[in-house]
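Have a look at the structure below, then the notes.
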Amino acid sequence: MDLHTISEMIAAPDAPDPATWRSGDAWLGGGTWLFSEPQPHLRRLIDLPSLRWPALTVTDDGLEIAATCTLAELHAFTAPDGWAAARLFPQACRALLGSFKIWNAATVGGNLCLALPAGPMISLTAALDGVCTILGPDGPRALAVPDLVTGPQRNALEPGELLRSVFLPAAALRETAAFRQVSLSPAGRSAALLIGRRTAGLELTVTASVTRPLRLSFEAPPSAAAVREAVAAIPADAYHDDVHGSPAWRRHMTFELAEEIRAELA
Amino acid sequence: MTYSINGAEVGATPRPGQCLRTFLREQGTFGVRKGCDAGDCGACTVWLDGTPVHSCVTPAFRAQGRDVTTVEGLADGDTLHPVQRDFVEAQGFQCGFCTSGMIMTAAKLTPEQRADLPHALKGNLCRCTGYRAIEDSINGVPHVETPEAGHSAGHNTSAPAARAIVTGKALFTLDLPPDGLLHLKLLRSPHAHARIVAIDTSAALAVPGVHAVFTHEDAPPRLYSSGRHEHMTDDPDDTRVLDDVVRHVGQRVAAVVAETVAAAEEGVRALVVEYEVLPAVFDPELAMRPGAPVIHAKPAAETRIAFPERNTVAEIHGNLGDVAAGFDSADVIYEQIYHTQRVQHAALETHGCVAWVDERGALTVRTSTQVPFLTRQALCAVFNLPPEHVRVLTVRVGGGFGGKQEMLVEDVAALAALRLGRPVQLELTREEQFTGTTSRHPMAIWVRAGAREDGTLTALQLRVVSDTGAYANHAVGVLHHGCGESVAVYRCPNKKVDAYAVYTNTVPAGAFRGYGLSQTVFAIESTMDELARLLHIDPVAFRERNIVRPGDPMVSVSNELDDVEYGSYGLDQCLTLVRDALADSPEAAPGPGWLVGDGVALALINTIPPRGHFAESDLRLLPDGTYQLLVGTTEFGNGTSTVHTQLAATALGTTPERIAIGQSDTALVGHDTGAYGSTGVVVAGRATLLAAQALRRRLQDAAAVLTTLPPDECELTEEGVVCGSGTVLGLPELHRRATEAGLPVQAHASTDGSPRSVAFNVHGFRVAVRPRTGEIRILRSVQAADAGVVLNPMQLVGQIEGGVAQAVGAAVYEEMRIGPDGRVVNPAFRGYHVPQFADVPHTEVLVAKTADSLGPMGAKSMSESPFNPVAPALANAVRDATGVRLTSLPLGRDRVWEALAAAGVTAEDPPGGPVPHAPAGLPEETAVERR
């Protein structure tokens, strides 16, 4: 929709300078969320895609995903041999409520910063030990993905800070992963999205059912009872309550999906 | 850098913050539609350098230096793109509002995506079709036929607008912006109940571009109802254009008119309103109690509110026979309270209109309405204008479903246009559709029913509480209709109905597909299923024992005679068709952990609303030998335009292409009650058929006079009147000579909607239910309809599929939630789940073989009614599968899981594989009496 209070659309400088940030500014990624709701508090949009950051950079250490990488680019990514967990990428893209046409514009960084419980890029990067690089007035800082998301539509960015990229370590990408998602409808918004990684034990990331990503770690392959116990320890008020599923059902589905993942990776 | 649209450079530059959708529309590519304006519905889909995007969430400047392709750029000259052609051939549309985006998406699907349409199309919502016709379009399955002249009725002729729709050229309400257009935006109430103490407009008026601010001080004092009926007095007068009391969050407070939408919005933000917040009530039961806040302290006699002091708009107390005696004679009694939720029409075109004063000084309103003539009537009343000074018209309307049987935008736009002398446009946002228009009436329905061991119904008793929200538009009619056919379809000597329509401080309810029946049918059909189970009688057989048959009185709350007749009767056939279809179904559980069950429900609907429904048709031969048909009824995807041309063409011995239809404009014909109550064919179509039959006789008579042959030797054909032994008087020549001779080449007919007939729908489901997740999977969906003679099978199937899809939405997914402050919690498609392709089952449509003695060419109505039996059929199937009766809609996975878990139902690794049918035991808390 038209954002009528926007009086200026500026290209981001080559090296974004968050110091020029002022009240009423917003970073513009794909625009698929920003343009989907009224934003009467905003006056200026700073365009990030024009910076042409390389979307996906593979190194020996892992994968750097630019904040401006679109979901379409991530979906089309051809992973190096051995990155078993890269099969999660298209699965996570499909979990987005938006269509493949939204993937053509929506960015990984935008999905992270939006901090919705159901944000599938949050699920993906949190599950793969993602670390964000955040540009700020005092230089860059690193933040683990679960720490970026502080609550439903709340993130840890200070005004003027900018998410530059999220880095996924190769060690996590090489591990076998399992993905489970459930919604009130076949292609609806996630009510629970769990991802497991087979390590020496199991790294289980719980998202969508809870207000912010949670990690359940098991040093050795856990029993069904151990997983159940770990899920049971999630406090009741951690479960999200909105029109996309009751908290009680989300909790129940968290148990169910956790067990399915455990069984698949056992 | 420049902007290029469909290969042509444009000189314009978008504004900062402008989305591509509005930029493209400003450049004249109106095929780019606004459905949600939020990236959810896909109606605005265009290509950027060949890549499909939702243009409503694409910053317009991103198109700089890139090729934009809209639906208008898809065809190669007059040659349609193959996807456009396929959408015509399969008629993959009804209202056509989603079609541009659907085509622009479909044309870019990869083979992998075509193989996975449920996922590929999740960003394209269609509210009309139920997606099967879209699937056929994408898969190249044609349905359109081109029957011979004089034989189009009964065949799949194409909608007249098909080509315009697939090329994006079909005009919808706001696709014709006049010069000098001003824009109106509304300030809406943040409070559920408040008195407006003061409104400071000075800052708003100081916003550059703002022309005027209108408040309650500017609004006419006249009270009216936004709900429109043939009789103005059907609905209580409780509404003002702008009021000094607001009664729900989202009610209009003030209107700002400005040069641009941006300035109008800025003006709205600059308004300063002082409210005196009043106590509010959100529960209709509480609202009826003494001491509840009185929402409309108005005189009952003048407003026709039954009991303003206890917030009760209307009551019904009907008593036939002796229910106490009926229950005494029953062997089993079942009693239950059912709840149906608030759902929204979600027509893809939001409410909107343009109002202006024409050169003759007449107020003219082009609007998205089902009722242009009744809107004129209302505007005349509110602004005290004579009918000849008001013209209301529609172009193509982007979906209605009852939501546009209301005057929700025209009044305030007219106020502004009359005051300012400039054209004024008001286009509601999707959020305003949820917070400021209407919904289905939420109802709480208590049912008690008894039957004897032999399956004979002995007593049926209802208590219905209908929540009409803050205003009474349609409250009375919906209550009566809801308690009518749902009860009347059962032959039972003892019936008692107590029903209440009640104000609350919530967004108003209004006319909605089914008009009250979908709610009560859910309750009654669920109850009939339980009675059958208690008696160990097959639910279809139980119904066969108790349904009305021709000759039986159709009564619900009174024995008074009305004008409903058995013009035809096919309910028995419908029940048989569905029973046989389910019996033949091979579908079984998808795997372990699923429980499978079947469910059936029926619905009766009178083919026409009561107490008069009027239509006129004017048909004339034109000098070029084609025909012009003028009708009052509106086209909003109901397909009536197609059927009107078929009816006329069949009677005139010609083809539908030779009949140009003009419609839904108060300047064209004298009166038309409107396109509601499924009357587009049975009332308006009948007028067209009568006019065509009269014109046929006139043309033959004229030929007889001109050739001096007896009239019975003159036969109207496609090319002309064949006179005597083969001389053909061509139609252009006939027109010329008849006109010269003063012989009429025009005919007019009208209908009054009485007497009325009855139509039937029976739905059957086989479902699998997974207790572990609460998921309901529809394995088989079948609906049998008694629509009389089918005039256009493809369209009939489309209406039923669309009704089923909308009803599946209301049964499983859709719910407007109201927060503790009275606010709508989920006013967007993102939180209000309109069924996507993935959600809608294929429905097999079966038709009873009947011919109606009242409808045109034996046809009956079939628009709203397919919706009505779907939810109870689904709940009955879930009951059959799980043993648990679900009494509240929607049957979302979370609620189903919760209910099954509470009842202790599991299906975990049952010994010997999945359980085919669950035991028919009842949960203990259900109120059941066995005598």
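Chain identifiers are assigned as A, B, and so on, following the order in which chains appear in the structure tokens; residues are numbered from 1 within each chain, and ligands are numbered from 1 in order of appearance.
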Per residue of chain B within 7 Å of chain A, which atom pair is closest and at what distance in Å (one decimal), using only C-alpha atoms, listed by chain and increasing number, as a tab-separated table?
residue	atom	partner	partner_atom	distance
B:Pro16	CA	A:Met9	CA	5.4
B:Gly17	CA	A:Leu3	CA	4.7
B:Gln18	CA	A:Asp2	CA	4.6
B:Cys19	CA	A:Asp2	CA	5.1
B:Asp37	CA	A:Met1	CA	5.1
B:Ala38	CA	A:Ser36	CA	3.9
B:Gly39	CA	A:Ser36	CA	6.3
B:Asp40	CA	A:Gly98	CA	6.7
B:Pro52	CA	A:Lys101	CA	5.7
B:Val53	CA	A:Lys101	CA	4.8
B:His54	CA	A:Lys101	CA	6.5
B:Cys56	CA	A:Met1	CA	5.2
B:Val57	CA	A:Phe35	CA	4.8
B:Thr58	CA	A:Gly31	CA	6.2
B:Pro59	CA	A:Gly31	CA	6.6
B:His119	CA	A:Ala187	CA	6.8
B:Ala120	CA	A:Phe100	CA	6.9
B:Lys122	CA	A:Ser99	CA	5.7
B:Gly123	CA	A:Ser99	CA	4.5
B:Ala262	CA	A:His4	CA	5.2
B:Thr773	CA	A:Met253	CA	7.0
B:Gly831	CA	A:Val243	CA	6.3
B:Ala838	CA	A:Pro186	CA	6.2
B:Asp839	CA	A:Pro186	CA	6.5
B:Gly892	CA	A:Leu184	CA	6.4
B:Arg893	CA	A:Leu184	CA	5.7
B:Asp894	CA	A:Trp249	CA	5.2
In range 87-263 of chain A, DSSP strand (DSSP E or B) residues written as a PDB file with C-alpha atoms, in the first residue's frame:
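File result-v6.pdb, as written:
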ATOM      1  CA  THR A 107      14.720 -10.624   2.279  1.00  0.00           C
ATOM      2  CA  VAL A 131      25.276 -15.264  14.018  1.00  0.00           C
ATOM      3  CA  CYS A 132      24.177 -11.830  12.906  1.00  0.00           C
ATOM      4  CA  THR A 133      26.538  -9.044  11.979  1.00  0.00           C
ATOM      5  CA  ILE A 134      25.005  -5.762  13.023  1.00  0.00           C
ATOM      6  CA  LEU A 135      26.350  -2.425  11.874  1.00  0.00           C
ATOM      7  CA  ARG A 141      28.770  -6.248  16.545  1.00  0.00           C
ATOM      8  CA  ALA A 142      27.828  -9.902  16.482  1.00  0.00           C
ATOM      9  CA  LEU A 143      24.656 -11.351  17.900  1.00  0.00           C
ATOM     10  CA  ALA A 144      23.308 -14.869  17.870  1.00  0.00           C
ATOM     11  CA  VAL A 149      14.640 -11.744  18.453  1.00  0.00           C
ATOM     12  CA  THR A 150      13.502 -10.460  21.813  1.00  0.00           C
ATOM     13  CA  GLY A 151       9.771 -11.044  21.414  1.00  0.00           C
ATOM     14  CA  ARG A 154      10.559  -6.944  18.849  1.00  0.00           C
ATOM     15  CA  ASN A 155      14.255  -7.147  18.045  1.00  0.00           C
ATOM     16  CA  LEU A 162      21.467  -2.277  10.612  1.00  0.00           C
ATOM     17  CA  LEU A 163      21.542  -6.012  10.132  1.00  0.00           C
ATOM     18  CA  ARG A 164      24.255  -6.635   7.572  1.00  0.00           C
ATOM     19  CA  SER A 165      24.282 -10.395   7.351  1.00  0.00           C
ATOM     20  CA  VAL A 166      23.810 -13.666   9.104  1.00  0.00           C
ATOM     21  CA  PHE A 167      26.551 -16.254   9.111  1.00  0.00           C
ATOM     22  CA  LEU A 168      25.856 -19.969   9.269  1.00  0.00           C
ATOM     23  CA  PRO A 169      28.862 -22.033  10.337  1.00  0.00           C
ATOM     24  CA  ALA A 177      18.689 -31.897   9.939  1.00  0.00           C
ATOM     25  CA  ALA A 178      14.983 -32.533  10.265  1.00  0.00           C
ATOM     26  CA  PHE A 179      12.204 -30.020   9.775  1.00  0.00           C
ATOM     27  CA  ARG A 180       8.634 -30.004  11.048  1.00  0.00           C
ATOM     28  CA  GLN A 181       6.037 -27.315  10.672  1.00  0.00           C
ATOM     29  CA  VAL A 182       2.343 -27.123  11.453  1.00  0.00           C
ATOM     30  CA  SER A 183      -0.289 -24.515  10.870  1.00  0.00           C
ATOM     31  CA  SER A 190       3.352 -21.523  11.173  1.00  0.00           C
ATOM     32  CA  ALA A 191       1.916 -22.292  14.583  1.00  0.00           C
ATOM     33  CA  ALA A 192       4.915 -24.423  15.456  1.00  0.00           C
ATOM     34  CA  LEU A 193       8.128 -24.846  13.498  1.00  0.00           C
ATOM     35  CA  LEU A 194      10.815 -27.088  14.906  1.00  0.00           C
ATOM     36  CA  ILE A 195      14.175 -27.947  13.432  1.00  0.00           C
ATOM     37  CA  GLY A 196      16.531 -30.603  14.743  1.00  0.00           C
ATOM     38  CA  ARG A 197      20.200 -31.173  13.985  1.00  0.00           C
ATOM     39  CA  ARG A 198      21.928 -34.432  14.656  1.00  0.00           C
ATOM     40  CA  LEU A 202      20.523 -33.433  19.240  1.00  0.00           C
ATOM     41  CA  GLU A 203      20.135 -29.692  18.852  1.00  0.00           C
ATOM     42  CA  LEU A 204      16.457 -28.895  18.730  1.00  0.00           C
ATOM     43  CA  THR A 205      15.242 -25.405  17.907  1.00  0.00           C
ATOM     44  CA  VAL A 206      11.679 -24.487  18.781  1.00  0.00           C
ATOM     45  CA  THR A 207      10.071 -21.567  16.976  1.00  0.00           C
ATOM     46  CA  VAL A 210       6.903 -19.751  21.240  1.00  0.00           C
ATOM     47  CA  LEU A 214      14.302 -21.585  22.036  1.00  0.00           C
ATOM     48  CA  ARG A 215      17.068 -24.148  21.865  1.00  0.00           C
ATOM     49  CA  LEU A 216      16.898 -27.540  23.505  1.00  0.00           C
ATOM     50  CA  SER A 217      20.338 -29.200  23.525  1.00  0.00           C
ATOM     51  CA  PHE A 218      21.069 -32.851  24.165  1.00  0.00           C
ATOM     52  CA  TYR A 239       3.867 -20.019  24.113  1.00  0.00           C
ATOM     53  CA  ASP A 242      -2.751 -15.238  18.488  1.00  0.00           C
ATOM     54  CA  GLY A 245      -3.342 -21.225  17.026  1.00  0.00           C
TER      55      GLY A 245
END
Problem set entry | 6 Å contact set for Val767 in chain B, only C-alpha atoms, chain neighbours under 6 positions out, as a list in words |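 Result of the neighbour search: Val596, Gly597, Arg777, Ile778 and Leu779 of chain B.
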Problem set entry | Within 8 Å of range 142-148 of chain B using only C-alpha atoms, minus same-chain residues under 5 positions, as a VMD selection string | chain B and resid 86 88 to 91 136 to 137 155 to 158 654 to 655 794
How about saving the chosen residues, N, CA and C atoms kept, as a PDB file, in the first residue's frame?
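The result, stored in selection_2.pdb:
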ATOM      1  N   ASP B  86      -7.072 -19.875 -21.991  1.00  0.00           N
ATOM      2  CA  ASP B  86      -7.524 -21.001 -21.166  1.00  0.00           C
ATOM      3  C   ASP B  86      -8.461 -20.538 -20.045  1.00  0.00           C
ATOM      4  N   VAL B  88     -10.571 -18.150 -20.368  1.00  0.00           N
ATOM      5  CA  VAL B  88     -11.873 -17.990 -21.026  1.00  0.00           C
ATOM      6  C   VAL B  88     -12.515 -19.355 -21.243  1.00  0.00           C
ATOM      7  N   GLU B  89     -11.731 -20.278 -21.761  1.00  0.00           N
ATOM      8  CA  GLU B  89     -12.283 -21.586 -22.144  1.00  0.00           C
ATOM      9  C   GLU B  89     -12.785 -22.377 -20.934  1.00  0.00           C
ATOM     10  N   ALA B  90     -12.091 -22.218 -19.812  1.00  0.00           N
ATOM     11  CA  ALA B  90     -12.522 -22.934 -18.605  1.00  0.00           C
ATOM     12  C   ALA B  90     -13.365 -22.044 -17.704  1.00  0.00           C
ATOM     13  N   GLN B  91     -13.538 -20.775 -18.089  1.00  0.00           N
ATOM     14  CA  GLN B  91     -14.254 -19.785 -17.264  1.00  0.00           C
ATOM     15  C   GLN B  91     -13.699 -19.819 -15.835  1.00  0.00           C
ATOM     16  N   ASP B 136      -8.704 -25.837 -13.605  1.00  0.00           N
ATOM     17  CA  ASP B 136      -8.970 -26.280 -14.976  1.00  0.00           C
ATOM     18  C   ASP B 136      -8.390 -25.294 -15.988  1.00  0.00           C
ATOM     19  N   SER B 137      -8.446 -24.010 -15.669  1.00  0.00           N
ATOM     20  CA  SER B 137      -7.863 -23.020 -16.580  1.00  0.00           C
ATOM     21  C   SER B 137      -6.365 -23.254 -16.715  1.00  0.00           C
ATOM     22  N   HIS B 155     -26.809 -24.805 -21.861  1.00  0.00           N
ATOM     23  CA  HIS B 155     -25.429 -25.068 -22.285  1.00  0.00           C
ATOM     24  C   HIS B 155     -24.452 -24.136 -21.580  1.00  0.00           C
ATOM     25  N   ASN B 156     -23.179 -24.508 -21.696  1.00  0.00           N
ATOM     26  CA  ASN B 156     -22.107 -23.757 -21.050  1.00  0.00           C
ATOM     27  C   ASN B 156     -21.683 -22.572 -21.907  1.00  0.00           C
ATOM     28  N   THR B 157     -22.541 -21.595 -22.057  1.00  0.00           N
ATOM     29  CA  THR B 157     -22.093 -20.425 -22.811  1.00  0.00           C
ATOM     30  C   THR B 157     -21.213 -19.557 -21.917  1.00  0.00           C
ATOM     31  N   SER B 158     -20.336 -18.841 -22.572  1.00  0.00           N
ATOM     32  CA  SER B 158     -19.351 -18.022 -21.868  1.00  0.00           C
ATOM     33  C   SER B 158     -20.002 -16.771 -21.290  1.00  0.00           C
ATOM     34  N   THR B 654     -31.669 -16.756 -31.337  1.00  0.00           N
ATOM     35  CA  THR B 654     -30.376 -16.234 -31.751  1.00  0.00           C
ATOM     36  C   THR B 654     -29.288 -16.751 -30.826  1.00  0.00           C
ATOM     37  N   THR B 655     -28.102 -16.162 -30.922  1.00  0.00           N
ATOM     38  CA  THR B 655     -26.985 -16.559 -30.065  1.00  0.00           C
ATOM     39  C   THR B 655     -26.727 -15.472 -29.026  1.00  0.00           C
ATOM     40  N   MET B 794     -22.118 -25.180 -16.307  1.00  0.00           N
ATOM     41  CA  MET B 794     -20.791 -24.738 -15.856  1.00  0.00           C
ATOM     42  C   MET B 794     -20.910 -23.671 -14.759  1.00  0.00           C
TER      43      MET B 794
END
Exercise. Out of range 132-183 of chain A, which residues get helix (DSSP H, G or I) from DSSP, as a PyMOL selection string?
Worked result: chain A and resi 145-148+170-173
Problem set entry | Atom-to-atom span, CA of His75 in chain A and CA of Ala200 in chain A, Å |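 CA of Ala200 in chain A lies 28.2 Å from CA of His75 in chain A.
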For this session: Write out as a ChimeraX atom specification which residues come within 8 Å of range 842-859 of chain B when counting only C-alpha atoms, dropping same-chain ones fewer than 6 positions away.
Result: /B:132,567-571,573-574,577,681-683,685-686,689,755-757,780-791,797,800-801,804
Requested write-out: N, CA, C and O atoms of the selected residues, as a CSV table (one decimal), in the first residue's frame:
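Final output, saved to again.csv:
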chain,number,residue,atom,x,y,z
B,132,ARG,N,-11.6,-24.7,-8.4
B,132,ARG,CA,-11.6,-25.7,-9.4
B,132,ARG,C,-11.6,-25.2,-10.8
B,132,ARG,O,-10.8,-25.7,-11.7
B,567,GLY,N,-43.0,-25.4,-6.4
B,567,GLY,CA,-42.9,-25.3,-7.9
B,567,GLY,C,-42.3,-26.5,-8.5
B,567,GLY,O,-42.4,-26.8,-9.7
B,568,SER,N,-41.5,-27.1,-7.7
B,568,SER,CA,-40.8,-28.4,-8.0
B,568,SER,C,-40.2,-28.9,-6.7
B,568,SER,O,-40.1,-28.2,-5.7
B,569,TYR,N,-39.8,-30.2,-6.7
B,569,TYR,CA,-39.4,-30.8,-5.4
B,569,TYR,C,-38.3,-31.8,-5.8
B,569,TYR,O,-38.6,-32.8,-6.5
B,570,GLY,N,-37.1,-31.6,-5.3
B,570,GLY,CA,-36.0,-32.6,-5.6
B,570,GLY,C,-35.2,-32.9,-4.3
B,570,GLY,O,-34.1,-33.5,-4.5
B,571,LEU,N,-35.8,-32.6,-3.1
B,571,LEU,CA,-35.0,-32.9,-1.9
B,571,LEU,C,-34.7,-34.4,-1.8
B,571,LEU,O,-33.7,-34.9,-1.4
B,573,GLN,N,-34.5,-36.6,-4.2
B,573,GLN,CA,-33.4,-37.0,-5.1
B,573,GLN,C,-32.1,-36.6,-4.6
B,573,GLN,O,-31.1,-37.3,-4.7
B,574,CYS,N,-32.0,-35.4,-4.0
B,574,CYS,CA,-30.7,-34.9,-3.5
B,574,CYS,C,-30.2,-35.8,-2.4
B,574,CYS,O,-29.0,-36.2,-2.4
B,577,LEU,N,-28.9,-39.0,-4.0
B,577,LEU,CA,-27.7,-38.8,-4.8
B,577,LEU,C,-26.5,-38.7,-3.8
B,577,LEU,O,-25.4,-39.3,-4.1
B,681,VAL,N,-31.7,-14.7,-11.5
B,681,VAL,CA,-32.3,-15.5,-12.6
B,681,VAL,C,-33.8,-15.6,-12.3
B,681,VAL,O,-34.6,-15.4,-13.3
B,682,VAL,N,-34.2,-16.0,-11.1
B,682,VAL,CA,-35.6,-16.3,-11.0
B,682,VAL,C,-36.5,-15.1,-11.0
B,682,VAL,O,-37.7,-15.3,-11.3
B,683,VAL,N,-36.0,-14.0,-10.6
B,683,VAL,CA,-36.9,-12.8,-10.7
B,683,VAL,C,-36.5,-11.9,-12.0
B,683,VAL,O,-37.3,-11.7,-12.9
B,685,GLY,N,-34.3,-12.6,-14.3
B,685,GLY,CA,-34.2,-13.5,-15.5
B,685,GLY,C,-35.5,-13.8,-16.1
B,685,GLY,O,-35.7,-13.9,-17.3
B,686,ARG,N,-36.5,-14.0,-15.2
B,686,ARG,CA,-37.9,-14.2,-15.7
B,686,ARG,C,-38.4,-13.0,-16.4
B,686,ARG,O,-39.1,-13.2,-17.4
B,689,LEU,N,-36.9,-13.2,-19.8
B,689,LEU,CA,-37.5,-14.2,-20.6
B,689,LEU,C,-38.9,-13.7,-21.1
B,689,LEU,O,-39.2,-13.9,-22.3
B,755,PRO,N,-45.6,-15.9,-7.1
B,755,PRO,CA,-45.3,-16.7,-6.0
B,755,PRO,C,-43.9,-17.2,-6.0
B,755,PRO,O,-43.2,-17.1,-7.0
B,756,ARG,N,-43.5,-17.9,-5.0
B,756,ARG,CA,-42.1,-18.3,-4.8
B,756,ARG,C,-42.0,-19.8,-4.7
B,756,ARG,O,-43.0,-20.5,-4.3
B,757,SER,N,-40.9,-20.4,-5.1
B,757,SER,CA,-40.7,-21.8,-5.1
B,757,SER,C,-39.6,-22.2,-4.0
B,757,SER,O,-39.2,-21.3,-3.2
B,780,ARG,N,-13.8,-36.7,0.7
B,780,ARG,CA,-14.8,-36.7,-0.3
B,780,ARG,C,-15.7,-35.6,0.0
B,780,ARG,O,-16.2,-35.5,1.2
B,781,SER,N,-16.1,-34.8,-1.0
B,781,SER,CA,-17.0,-33.7,-0.8
B,781,SER,C,-18.0,-33.8,-2.0
B,781,SER,O,-17.6,-33.8,-3.1
B,782,VAL,N,-19.3,-33.9,-1.6
B,782,VAL,CA,-20.3,-34.1,-2.7
B,782,VAL,C,-21.5,-33.2,-2.3
B,782,VAL,O,-21.9,-33.2,-1.2
B,783,GLN,N,-22.0,-32.4,-3.3
B,783,GLN,CA,-23.2,-31.7,-3.0
B,783,GLN,C,-24.2,-32.0,-4.1
B,783,GLN,O,-23.9,-31.9,-5.3
B,784,ALA,N,-25.4,-32.3,-3.7
B,784,ALA,CA,-26.5,-32.5,-4.6
B,784,ALA,C,-27.4,-31.2,-4.5
B,784,ALA,O,-27.7,-30.8,-3.4
B,785,ALA,N,-27.8,-30.7,-5.6
B,785,ALA,CA,-28.6,-29.5,-5.7
B,785,ALA,C,-29.9,-29.7,-6.5
B,785,ALA,O,-29.8,-30.4,-7.5
B,786,ASP,N,-30.9,-29.1,-6.0
B,786,ASP,CA,-32.2,-29.1,-6.8
B,786,ASP,C,-32.4,-27.7,-7.2
B,786,ASP,O,-32.9,-26.9,-6.4
B,787,ALA,N,-31.9,-27.4,-8.4
B,787,ALA,CA,-31.9,-26.0,-8.9
B,787,ALA,C,-32.9,-25.9,-10.1
B,787,ALA,O,-32.9,-25.0,-10.9
B,788,GLY,N,-33.8,-27.0,-10.2
B,788,GLY,CA,-34.7,-27.0,-11.3
B,788,GLY,C,-34.0,-27.3,-12.6
B,788,GLY,O,-33.0,-28.0,-12.6
B,789,VAL,N,-34.4,-26.7,-13.7
B,789,VAL,CA,-33.7,-26.9,-15.0
B,789,VAL,C,-32.5,-26.1,-14.9
B,789,VAL,O,-32.5,-24.9,-14.6
B,790,VAL,N,-31.4,-26.7,-15.3
B,790,VAL,CA,-30.1,-26.0,-15.2
B,790,VAL,C,-29.9,-25.2,-16.5
B,790,VAL,O,-29.8,-25.8,-17.6
B,791,LEU,N,-29.7,-23.9,-16.4
B,791,LEU,CA,-29.6,-23.1,-17.6
B,791,LEU,C,-28.2,-23.0,-18.1
B,791,LEU,O,-27.9,-22.9,-19.3
B,797,VAL,N,-22.4,-25.3,-11.5
B,797,VAL,CA,-21.3,-25.9,-10.8
B,797,VAL,C,-20.4,-24.9,-10.1
B,797,VAL,O,-20.0,-25.1,-8.9
B,800,ILE,N,-22.0,-23.5,-7.0
B,800,ILE,CA,-22.0,-24.5,-5.8
B,800,ILE,C,-20.5,-24.7,-5.3
B,800,ILE,O,-20.3,-24.7,-4.1
B,801,GLU,N,-19.6,-24.8,-6.2
B,801,GLU,CA,-18.2,-25.0,-5.7
B,801,GLU,C,-17.8,-23.7,-4.9
B,801,GLU,O,-17.1,-23.9,-3.9
B,804,VAL,N,-19.4,-23.8,-1.6
B,804,VAL,CA,-18.8,-24.8,-0.7
B,804,VAL,C,-17.5,-24.3,-0.2
B,804,VAL,O,-17.2,-24.4,1.0
